[in-house]
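Listing of structure-v5.cif; format and content: mmCIF, C-alpha atoms.
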data_work
#
loop_
_atom_site.label_atom_id
_atom_site.label_comp_id
_atom_site.auth_asym_id
_atom_site.auth_seq_id
_atom_site.Cartn_x
_atom_site.Cartn_y
_atom_site.Cartn_z
CA MET A 296 69.29 133.28 177.22
CA ASP A 297 72.97 133.47 178.07
CA LYS A 298 74.18 136.77 179.52
CA LEU A 299 77.58 138.28 178.86
CA LEU A 300 79.58 139.07 181.99
CA THR A 301 82.21 141.76 182.41
CA GLU A 302 85.64 141.15 183.89
CA LYS A 303 84.51 142.78 187.11
CA GLN A 304 81.46 140.52 187.36
CA VAL A 305 83.55 137.40 186.70
CA THR A 306 86.17 138.32 189.32
CA GLU A 307 83.38 138.92 191.85
CA ILE A 308 81.73 135.57 191.04
CA VAL A 309 84.88 133.44 191.24
CA GLY A 310 86.64 135.45 193.93
CA PHE A 311 89.93 135.87 192.06
CA LYS A 312 91.75 139.08 191.34
CA ARG A 313 92.26 140.10 187.72
CA THR A 314 95.90 138.96 187.66
CA LYS A 315 95.07 135.46 188.90
CA LEU A 316 92.21 135.19 186.43
CA TYR A 317 94.46 135.95 183.45
CA GLN A 318 97.21 133.63 184.73
CA MET A 319 94.67 130.81 184.83
CA ILE A 320 93.40 131.68 181.33
CA LYS A 321 96.97 131.59 180.01
CA LYS A 322 97.47 128.11 181.55
CA GLY A 323 94.16 126.89 180.10
CA GLU A 324 92.64 126.53 183.58
CA PHE A 325 89.85 129.05 183.09
CA PRO A 326 87.54 129.89 180.14
CA SER A 327 88.91 132.49 177.74
CA PRO A 328 86.93 135.68 177.29
CA LYS A 329 85.36 136.77 174.03
CA LYS A 330 86.43 140.13 172.61
CA TYR A 331 83.74 142.72 171.97
CA GLY A 332 85.60 145.75 170.75
CA ARG A 333 88.15 146.43 173.48
CA ALA A 334 86.14 144.71 176.20
CA ASN A 335 86.55 141.13 177.38
CA LYS A 336 83.28 139.34 178.09
CA TRP A 337 82.45 135.83 179.28
CA PHE A 338 79.28 133.87 178.69
CA GLU A 339 77.58 133.27 182.01
CA SER A 340 77.13 129.59 181.15
CA ASP A 341 80.91 129.17 180.64
CA ILE A 342 81.54 130.51 184.16
CA GLU A 343 78.75 128.38 185.65
CA ASP A 344 80.15 125.27 183.92
CA TRP A 345 83.66 126.05 185.21
CA LEU A 346 82.37 126.50 188.77
CA LYS A 347 80.45 123.22 188.57
CA LYS A 348 83.56 121.41 187.28
CA GLU A 349 85.71 122.89 190.05
CA LYS A 350 83.18 121.83 192.67
CA GLU A 351 83.08 118.29 191.29
CA GLU A 352 86.90 118.12 191.30
CA LEU A 353 86.97 119.29 194.91
CA HIS A 354 84.51 116.60 195.97
CA LYS A 355 86.31 113.98 193.92
CA ASP A 356 89.57 114.78 195.71
CA ASP A 357 87.78 114.59 199.06
CA GLY A 358 86.58 111.15 198.07
CA ILE A 359 90.12 109.91 197.50
CA PHE A 360 91.27 111.10 200.90
CA THR A 361 88.16 109.69 202.51
CA GLU A 362 88.88 106.28 200.98
CA ILE A 363 92.54 106.40 202.11
CA GLY A 364 91.41 107.40 205.59
CA LYS A 365 88.96 104.48 205.72
CA PHE A 366 91.72 102.10 204.61
CA PHE A 367 94.04 103.21 207.41
CA ASP A 368 91.19 103.17 209.95
CA ASP A 369 90.43 99.56 208.98
CA LEU A 370 94.11 98.65 209.01
CA LEU A 371 94.64 100.07 212.50
CA SER A 372 91.41 98.61 213.95
#
Have the structure of the file written as structure tokens, please.
Amino acid sequence: MDKLLTEKQVTEIVGFKRTKLYQMIKKGEFPSPKKYGRANKWFESDIEDWLKKEKEELHKDDGIFTEIGKFFDDLLS
């Protein structure tokens, strides 16, 4: 069952301050919260999916630089 996370929990999980979190939401770079009364809540699975996607993007970028590095190593050898 999916848990609802508070703003405080989300900022602790992702390591961003509140301001950065809402800037990213505004740009469409982070999942939007759901409103429950006056409180903003996130589904835990949305945050987990975002973290997984960010990790994959990080490794994908590393792969590009690794390939470029290998090309230049081969070229200079």
From the list A:Met296, A:Ile308, A:Leu316, A:Ala334, which residue is nearest Leu346 (chain A) when using only C-alpha atoms?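 Residue with the minimum atom-to-atom distance to Leu346 (chain A): A:Ile308.
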Between CA of Trp345 (chain A) and CA of Gly332 (chain A), distance in Å (one decimal):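 CA of Trp345 (chain A) sits 24.5 Å away from CA of Gly332 (chain A).
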Between A:Ser327, A:Lys350, A:Trp337, A:Gln318, single out the one closest to Leu299 (chain A), counting all atoms listed in the file.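 Under the stated criterion, the closest residue is A:Trp337.
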For Glu324 (chain A), which residue out of A:Thr301, A:Lys336, A:Gly310, A:Glu349 is the nearest one, using all atoms listed in the file?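 When distances to Glu324 (chain A) are compared using all atoms listed in the file, the smallest one comes from A:Glu349.
Comparing the minimum interatomic distances between Lys298 (chain A) and each of A:Tyr331, A:Ser340, A:Tyr317, A:Lys348, counting only C-alpha atoms, we find that A:Ser340 sits nearest.
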Tell me, in Å to one decimal, how far CA of Phe338 (chain A) is from CA of Asp297 (chain A).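 Straight-line distance from CA of Phe338 (chain A) to CA of Asp297 (chain A) works out to 6.4 Å.
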At a cut-off of 12 Å, using all atoms listed in the file, what residues contact Arg313 (chain A)? Leave out same-chain residues fewer than 4 positions from it and give the result as a list in words. Thr301, Glu302, Lys303, Gln304, Val305, Thr306, Glu307, Ile308, Val309, Tyr317, Gln318, Met319, Ile320 and Asn335 of chain A
Measure the distance from CA of Gly323 (chain A) to CA of His354 (chain A) in Å and round it to one decimal. 21.2 Å
Using the file's own x, y and z axes, what box holds all listed atoms of region 321-338 of chain A with 3 Å on each side, keeping edges along x, y and z, and what are its centre and edge lengths in Å to one decimal, as AutoDock Vina command-line options?
--center_x 88.4 --center_y 136.5 --center_z 177.2 --size_x 24.2 --size_y 25.9 --size_z 18.8
With the input short on atoms, add N, CA and C atoms back to region 345-356 of chain A and write it as a short mmCIF file (atom, residue, chain, number, x, y, z; two decimals), keeping the file's coordinate frame.
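Wrote out_34.cif, looks like this:
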data_model
loop_
_atom_site.label_atom_id
_atom_site.label_comp_id
_atom_site.auth_asym_id
_atom_site.auth_seq_id
_atom_site.Cartn_x
_atom_site.Cartn_y
_atom_site.Cartn_z
N TRP A 345 82.35 126.12 184.57
CA TRP A 345 83.66 126.05 185.21
C TRP A 345 83.51 125.86 186.72
N LEU A 346 82.60 126.62 187.33
CA LEU A 346 82.37 126.50 188.77
C LEU A 346 81.88 125.09 189.13
N LYS A 347 80.98 124.56 188.32
CA LYS A 347 80.45 123.22 188.57
C LYS A 347 81.58 122.19 188.48
N LYS A 348 82.43 122.32 187.46
CA LYS A 348 83.56 121.41 187.28
C LYS A 348 84.52 121.50 188.46
N GLU A 349 84.81 122.70 188.90
CA GLU A 349 85.71 122.89 190.05
C GLU A 349 85.13 122.26 191.31
N LYS A 350 83.84 122.42 191.50
CA LYS A 350 83.18 121.83 192.67
C LYS A 350 83.25 120.31 192.62
N GLU A 351 83.01 119.74 191.44
CA GLU A 351 83.08 118.29 191.29
C GLU A 351 84.50 117.78 191.56
N GLU A 352 85.51 118.50 191.07
CA GLU A 352 86.90 118.12 191.30
C GLU A 352 87.23 118.17 192.79
N LEU A 353 86.73 119.16 193.47
CA LEU A 353 86.97 119.29 194.91
C LEU A 353 86.38 118.10 195.65
N HIS A 354 85.16 117.73 195.31
CA HIS A 354 84.51 116.60 195.97
C HIS A 354 85.15 115.28 195.59
N LYS A 355 85.63 115.19 194.36
CA LYS A 355 86.31 113.98 193.92
C LYS A 355 87.59 113.78 194.73
N ASP A 356 88.34 114.85 194.92
CA ASP A 356 89.57 114.78 195.71
C ASP A 356 89.26 114.40 197.15
#
